[in-house]
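J.: Contents are mmCIF, C-alpha atoms; file name run29.cif:
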data_model
#
loop_
_atom_site.label_atom_id
_atom_site.label_comp_id
_atom_site.auth_asym_id
_atom_site.auth_seq_id
_atom_site.Cartn_x
_atom_site.Cartn_y
_atom_site.Cartn_z
CA MET I 1 44.24 -70.35 27.23
CA ARG I 2 41.93 -67.42 26.46
CA ILE I 3 38.42 -67.45 27.88
CA LYS I 4 36.09 -67.63 24.88
CA ALA I 5 32.78 -68.11 26.69
CA VAL I 6 31.40 -66.96 30.04
CA LEU I 7 28.41 -68.70 31.58
CA PHE I 8 26.33 -66.63 33.98
CA ASP I 9 23.80 -67.90 36.47
CA LEU I 10 20.73 -65.65 36.74
CA ASP I 11 18.90 -65.77 40.08
CA GLY I 12 21.16 -64.36 42.79
CA THR I 13 23.92 -63.66 40.27
CA LEU I 14 22.86 -61.29 37.49
CA LEU I 15 19.55 -60.76 39.30
CA PRO I 16 19.99 -60.04 43.04
CA MET I 17 17.44 -61.79 45.22
CA ASP I 18 16.72 -63.56 48.43
CA GLN I 19 15.76 -66.97 47.03
CA GLU I 20 13.17 -67.74 49.71
CA LYS I 21 11.52 -64.33 49.49
CA PHE I 22 11.34 -64.54 45.71
CA THR I 23 9.95 -68.08 45.70
CA GLU I 24 7.29 -67.21 48.28
CA GLY I 25 6.21 -64.13 46.33
CA TYR I 26 6.26 -65.91 42.98
CA PHE I 27 4.18 -68.82 44.28
CA GLY I 28 1.71 -66.37 45.79
CA LEU I 29 1.15 -64.77 42.41
CA LEU I 30 0.80 -68.14 40.69
CA ALA I 31 -1.67 -69.40 43.32
CA ALA I 32 -3.80 -66.29 42.90
CA LYS I 33 -3.88 -66.85 39.14
CA MET I 34 -4.83 -70.51 39.34
CA LYS I 35 -7.32 -70.27 42.20
CA SER I 36 -10.02 -69.32 39.70
CA VAL I 37 -9.76 -72.73 38.01
CA GLY I 38 -9.83 -74.77 41.20
CA TYR I 39 -6.26 -75.15 42.46
CA SER I 40 -5.73 -74.63 46.16
CA ALA I 41 -2.52 -72.81 46.99
CA LYS I 42 -1.05 -75.78 48.85
CA GLU I 43 -1.78 -78.40 46.22
CA LEU I 44 -0.52 -76.12 43.48
CA VAL I 45 2.76 -75.35 45.25
CA ASP I 46 3.24 -79.01 46.16
CA GLY I 47 2.62 -79.92 42.53
CA VAL I 48 5.15 -77.41 41.22
CA TRP I 49 7.76 -78.60 43.70
CA ALA I 50 7.12 -82.21 42.68
CA GLY I 51 7.57 -81.26 39.03
CA THR I 52 10.75 -79.38 39.90
CA ALA I 53 12.13 -82.40 41.74
CA ALA I 54 11.34 -84.54 38.70
CA MET I 55 13.29 -82.14 36.47
CA VAL I 56 16.28 -82.19 38.82
CA LYS I 57 16.28 -86.00 38.53
CA ASN I 58 15.88 -85.94 34.74
CA ASP I 59 18.16 -88.55 33.16
CA GLY I 60 18.27 -86.78 29.81
CA GLY I 61 15.68 -88.95 28.08
CA GLN I 62 13.21 -86.08 27.68
CA SER I 63 13.22 -82.31 27.93
CA ASN I 64 12.71 -80.81 31.36
CA GLU I 65 9.45 -79.40 30.01
CA ALA I 66 8.13 -82.89 29.22
CA VAL I 67 9.28 -84.23 32.57
CA PHE I 68 7.61 -81.40 34.49
CA TRP I 69 4.25 -81.77 32.79
CA ARG I 70 4.29 -85.55 33.10
CA SER I 71 4.76 -85.13 36.85
CA PHE I 72 2.19 -82.35 37.17
CA ALA I 73 -0.42 -84.19 35.10
CA GLY I 74 0.26 -87.29 37.15
CA LEU I 75 -1.01 -85.38 40.18
CA PHE I 76 -3.85 -83.40 38.62
CA GLY I 77 -4.87 -85.49 35.61
CA GLU I 78 -5.85 -84.21 32.19
CA LYS I 79 -7.15 -81.03 33.83
CA ALA I 80 -3.55 -79.90 34.25
CA LEU I 81 -2.87 -80.18 30.54
CA ALA I 82 -6.11 -78.38 29.71
CA ASP I 83 -5.08 -75.57 32.07
CA ARG I 84 -1.61 -75.25 30.63
CA PRO I 85 -2.42 -72.15 28.52
CA LEU I 86 -3.25 -70.36 31.79
CA PHE I 87 0.13 -71.30 33.25
CA ASP I 88 1.88 -70.13 30.09
CA ALA I 89 0.00 -66.82 30.15
CA PHE I 90 1.01 -66.29 33.77
CA TYR I 91 4.71 -66.04 32.86
CA SER I 92 3.99 -63.41 30.23
CA ASN I 93 1.67 -61.37 32.46
CA GLU I 94 1.22 -61.70 36.23
CA PHE I 95 4.77 -62.96 36.71
CA GLN I 96 5.95 -59.43 35.90
CA GLN I 97 4.86 -58.45 39.41
CA ALA I 98 7.50 -60.75 40.90
CA ARG I 99 10.07 -58.10 40.05
CA ALA I 100 9.12 -56.55 43.41
CA PHE I 101 10.82 -59.51 45.12
CA CYS I 102 14.16 -58.93 43.36
CA GLY I 103 16.90 -56.35 43.56
CA HIS I 104 18.87 -54.69 40.78
CA ASN I 105 22.59 -54.26 40.23
CA PRO I 106 23.60 -52.27 37.14
CA GLN I 107 27.05 -53.85 37.35
CA ALA I 108 25.52 -57.11 36.12
CA ALA I 109 24.54 -55.75 32.71
CA GLU I 110 27.80 -53.80 32.54
CA ALA I 111 29.81 -56.99 33.07
CA VAL I 112 27.93 -58.91 30.39
CA ARG I 113 28.29 -56.11 27.87
CA ALA I 114 31.97 -55.54 28.62
CA MET I 115 32.69 -59.21 28.00
CA THR I 116 30.62 -59.23 24.83
CA ALA I 117 32.43 -56.14 23.57
CA ALA I 118 35.72 -57.97 24.13
CA GLY I 119 34.58 -60.76 21.81
CA VAL I 120 33.56 -63.25 24.48
CA ARG I 121 30.42 -65.33 23.96
CA VAL I 122 28.11 -64.98 26.96
CA ALA I 123 25.56 -67.64 27.87
CA LEU I 124 22.83 -67.64 30.51
CA ALA I 125 23.32 -70.81 32.54
CA THR I 126 20.31 -70.51 34.81
CA ASN I 127 18.88 -73.70 36.25
CA PRO I 128 16.39 -74.67 33.52
CA ILE I 129 13.26 -75.14 35.62
CA PHE I 130 11.37 -72.15 34.16
CA PRO I 131 9.72 -71.83 30.75
CA ALA I 132 11.35 -69.46 28.28
CA ALA I 133 8.81 -66.71 28.96
CA GLY I 134 9.66 -66.68 32.67
CA THR I 135 13.39 -66.72 31.98
CA GLN I 136 13.19 -63.92 29.42
CA THR I 137 11.18 -61.81 31.86
CA ARG I 138 13.81 -62.22 34.57
CA ILE I 139 16.60 -61.41 32.13
CA ARG I 140 14.94 -58.07 31.33
CA TRP I 141 14.76 -57.23 35.04
CA THR I 142 18.58 -57.18 35.01
CA GLY I 143 18.62 -54.49 32.30
CA LEU I 144 19.64 -56.98 29.62
CA GLU I 145 17.79 -58.53 26.69
CA PRO I 146 17.61 -62.28 25.93
CA GLU I 147 19.18 -61.63 22.54
CA GLU I 148 22.39 -60.52 24.26
CA PHE I 149 23.13 -64.13 25.20
CA ALA I 150 24.43 -66.81 22.85
CA LEU I 151 22.29 -69.32 24.76
CA CYS I 152 19.69 -69.17 27.54
CA THR I 153 18.85 -72.47 29.20
CA THR I 154 15.12 -73.00 29.80
CA TYR I 155 13.02 -76.04 30.55
CA GLU I 156 12.12 -76.32 26.86
CA ASN I 157 15.69 -76.62 25.55
CA SER I 158 17.32 -78.51 28.44
CA ARG I 159 17.26 -82.12 29.58
CA TYR I 160 19.25 -81.87 32.80
CA CYS I 161 19.41 -79.51 35.79
CA LYS I 162 22.14 -78.25 38.05
CA PRO I 163 24.22 -79.66 39.65
CA ASN I 164 24.23 -82.52 37.10
CA LEU I 165 27.47 -82.21 35.14
CA ASN I 166 25.59 -83.26 32.02
CA TYR I 167 23.79 -79.91 32.18
CA TYR I 168 27.12 -78.17 31.72
CA ARG I 169 28.27 -80.69 29.13
CA ASP I 170 25.21 -79.88 27.03
CA ILE I 171 25.97 -76.15 27.21
CA LEU I 172 29.57 -76.75 26.12
CA SER I 173 28.34 -78.88 23.24
CA THR I 174 25.83 -76.24 22.13
CA LEU I 175 28.44 -73.49 22.30
CA GLY I 176 31.06 -75.68 20.66
CA CYS I 177 33.57 -74.59 23.27
CA PRO I 178 35.95 -76.75 25.35
CA ALA I 179 35.59 -76.48 29.11
CA GLN I 180 39.08 -75.05 29.51
CA GLU I 181 38.06 -71.98 27.51
CA CYS I 182 34.96 -71.27 29.64
CA LEU I 183 34.29 -69.38 32.86
CA MET I 184 31.24 -70.16 35.01
CA VAL I 185 29.97 -67.35 37.24
CA GLY I 186 27.37 -68.10 39.90
CA ASN I 187 26.31 -67.56 43.50
CA ASP I 188 25.51 -71.15 44.52
CA VAL I 189 28.51 -73.15 45.67
CA ALA I 190 26.93 -76.56 45.06
CA GLU I 191 25.14 -75.84 41.80
CA ASP I 192 27.54 -73.46 40.04
CA MET I 193 31.04 -74.24 41.25
CA VAL I 194 30.60 -77.90 40.25
CA ALA I 195 31.44 -76.78 36.70
CA GLU I 196 35.05 -76.75 37.85
CA GLU I 197 35.01 -80.55 37.75
CA LEU I 198 34.79 -80.38 33.96
CA GLY I 199 37.81 -78.12 33.70
CA MET I 200 36.01 -74.79 33.57
CA LYS I 201 37.30 -71.75 35.39
CA VAL I 202 34.80 -70.62 38.04
CA PHE I 203 34.02 -67.44 39.95
CA LEU I 204 31.74 -67.39 42.99
CA LEU I 205 29.69 -64.20 43.18
CA THR I 206 29.06 -63.63 46.89
CA ASP I 207 26.50 -60.79 46.82
CA CYS I 208 23.64 -63.31 47.26
CA LEU I 209 25.70 -66.29 48.33
CA ILE I 210 24.13 -69.74 48.69
CA ASN I 211 26.40 -72.17 50.53
CA ARG I 212 24.10 -74.76 52.04
CA GLU I 213 26.93 -77.16 52.88
CA GLY I 214 29.13 -74.50 54.49
CA LYS I 215 32.08 -75.14 52.18
CA ASP I 216 35.31 -73.17 52.49
CA LEU I 217 35.02 -70.31 49.99
CA ALA I 218 38.77 -69.75 49.91
CA ARG I 219 39.17 -72.49 47.31
CA TYR I 220 37.24 -70.43 44.75
CA PRO I 221 37.94 -67.02 43.23
CA HIS I 222 35.12 -64.98 44.75
CA GLY I 223 33.71 -61.53 45.47
CA GLY I 224 31.40 -59.01 43.82
CA PHE I 225 31.25 -57.79 40.23
CA ALA I 226 34.33 -55.58 40.65
CA GLU I 227 36.36 -58.62 41.71
CA LEU I 228 34.83 -60.68 38.90
CA MET I 229 35.97 -58.17 36.29
CA GLU I 230 39.46 -58.06 37.82
CA PHE I 231 39.61 -61.87 37.72
CA TRP I 232 38.41 -62.02 34.11
CA ARG I 233 40.81 -59.30 32.96
CA ALA I 234 43.65 -61.09 34.71
CA LEU I 235 42.80 -64.24 32.77
CA GLU I 236 42.76 -62.22 29.56
CA GLY I 237 46.07 -60.58 30.46
CA SER I 238 47.79 -63.86 31.29
CA ASP I 239 46.86 -65.15 27.84
CA ARG I 240 48.63 -62.23 26.17
CA GLN I 241 51.84 -62.58 28.17
#
The structure given in the file should be rewritten as structure tokens.

T.:
Amino acid sequence: MRIKAVLFDLDGTLLPMDQEKFTEGYFGLLAAKMKSVGYSAKELVDGVWAGTAAMVKNDGGQSNEAVFWRSFAGLFGEKALADRPLFDAFYSNEFQQARAFCGHNPQAAEAVRAMTAAGVRVALATNPIFPAAGTQTRIRWTGLEPEEFALCTTYENSRYCKPNLNYYRDILSTLGCPAQECLMVGNDVAEDMVAEELGMKVFLLTDCLINREGKDLARYPHGGFAELMEFWRALEGSDRQ
């Protein structure tokens, strides 16, 4: 069955990064921004992590955005909601500096555009814990534009997080594509390869591998972008035989 849609993870997949280095640098920028309105770095970071944990546990009743701000306001009160425009502005401005904590691989944009040129719908299946502005910024760091994706998951338009299978089910529903006609590409064994359970094809990109549980990688097609393109073309070729 021909692959009609390819889902790409972003951080560590299309956008090379050391997750810990990026998170540390990103939080440093955010803390500097919010210090002027009374947030200490520790309480701010703890609050963001608490909101992130709440999104990961989201049962689908609300958007991730609503869940995050309910958690954050629960810690900081109405002040947090009043300060929200400052947080939003951060992702359009100061967050740009976080590019220094990421790498760049031109093969990422080349892969997306090659698939698009072949008539495949490409979606950005990044864990939806960032607002759209922050996601769009990171997309541009890869050399791509948000408009090149049929869908980009953000905390505004999502109600689940990885590795919840309902996150992937929602993407399939939005794309109107059965799992068997989709390929998920990501660097995190636990969060990305779980899509296989729904019947999707998967490819583990190992350039910035995350394998917290030490799983055997041999069970997944894996490698860099060159191997990904070989795998995808083989799938396309097998359909024509």

J.: Report as CSV the residues of range 22-88 of chain I within 10 Å of range 134-154 of chain I, each with its shortest atom pair and distance in Å (one decimal), using all atoms listed in the file, ordered by chain and increasing residue number.

T.:
residue,atom,partner,partner_atom,distance
I:Ser63,CA,I:Thr154,CA,9.7
I:Asn64,CA,I:Thr154,CA,8.3
I:Glu65,CA,I:Thr154,CA,8.6
I:Asp88,CA,I:Gly134,CA,8.9

J.: Quick one: apply the PyMOL selection byres ((chain I and resi 187) around 10) to the file and drop the selected residues here as an mmCIF file with C-alpha atoms, in the frame of the given file.

T.:
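Final file, result.cif:
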data_model
loop_
_atom_site.group_PDB
_atom_site.id
_atom_site.type_symbol
_atom_site.label_atom_id
_atom_site.label_comp_id
_atom_site.auth_asym_id
_atom_site.auth_seq_id
_atom_site.Cartn_x
_atom_site.Cartn_y
_atom_site.Cartn_z
ATOM 1 C CA PHE I 8 26.330 -66.630 33.980
ATOM 2 C CA ASP I 9 23.800 -67.900 36.470
ATOM 3 C CA LEU I 10 20.730 -65.650 36.740
ATOM 4 C CA ASP I 11 18.900 -65.770 40.080
ATOM 5 C CA GLY I 12 21.160 -64.360 42.790
ATOM 6 C CA THR I 13 23.920 -63.660 40.270
ATOM 7 C CA LEU I 14 22.860 -61.290 37.490
ATOM 8 C CA PRO I 16 19.990 -60.040 43.040
ATOM 9 C CA VAL I 185 29.970 -67.350 37.240
ATOM 10 C CA GLY I 186 27.370 -68.100 39.900
ATOM 11 C CA ASP I 188 25.510 -71.150 44.520
ATOM 12 C CA VAL I 189 28.510 -73.150 45.670
ATOM 13 C CA ALA I 190 26.930 -76.560 45.060
ATOM 14 C CA GLU I 191 25.140 -75.840 41.800
ATOM 15 C CA ASP I 192 27.540 -73.460 40.040
ATOM 16 C CA MET I 193 31.040 -74.240 41.250
ATOM 17 C CA PHE I 203 34.020 -67.440 39.950
ATOM 18 C CA LEU I 204 31.740 -67.390 42.990
ATOM 19 C CA LEU I 205 29.690 -64.200 43.180
ATOM 20 C CA THR I 206 29.060 -63.630 46.890
ATOM 21 C CA ASP I 207 26.500 -60.790 46.820
ATOM 22 C CA CYS I 208 23.640 -63.310 47.260
ATOM 23 C CA LEU I 209 25.700 -66.290 48.330
ATOM 24 C CA ILE I 210 24.130 -69.740 48.690
ATOM 25 C CA ASN I 211 26.400 -72.170 50.530
ATOM 26 C CA HIS I 222 35.120 -64.980 44.750
ATOM 27 C CA GLY I 223 33.710 -61.530 45.470
ATOM 28 C CA GLY I 224 31.400 -59.010 43.820
#

J.: Would you translate the PyMOL selection byres ((chain I and resi 111) around 12) into the concrete set of residues it matches in this file, as a PyMOL selection string?

T.: chain I and resi 6-8+13-14+105-110+112-118+120+122+142-144+185+224-233

J.: Determine the nearest neighbour of Leu172 in chain I from the options I:Ser36, I:Lys4, I:Lys42, I:Lys215, counting all atoms listed in the file.

T.: I:Lys4

J.: Tell me, as a list of chain:residue names, which residues lie within 12 Å of range 89-91 of chain I, counting only C-alpha atoms; anything in the same chain fewer than 4 positions away does not count.

T.: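 Within the cut-off, the hits are I:Tyr26, I:Phe27, I:Leu29, I:Leu30, I:Ala31, I:Ala32, I:Lys33, I:Met34, I:Asp83, I:Arg84, I:Pro85, I:Phe95, I:Gln96, I:Gln97, I:Ala98, I:Arg99, I:Phe130, I:Pro131, I:Ala132, I:Ala133, I:Gly134, I:Thr135, I:Gln136, I:Thr137, I:Arg138.
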
J.: Given the file shown, enumerate the residues that the PyMOL selection byres ((chain I and resi 45) around 12) captures and present them as a list in words.

T.: Thr23, Glu24, Gly25, Tyr26, Phe27, Gly28, Leu29, Leu30, Ala31, Ala32, Met34, Lys35, Tyr39, Ser40, Ala41, Lys42, Glu43, Leu44, Asp46, Gly47, Val48, Trp49, Ala50, Gly51, Thr52, Phe72 and Leu75 of chain I

J.: Looking at only C-alpha atoms, which of I:Asn93, I:Gly74, I:Gln19, I:Gly60 is the one that sits closest to Asp170 in chain I?

T.: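 That would be I:Gly60, the residue with the smallest distance to Asp170 in chain I.
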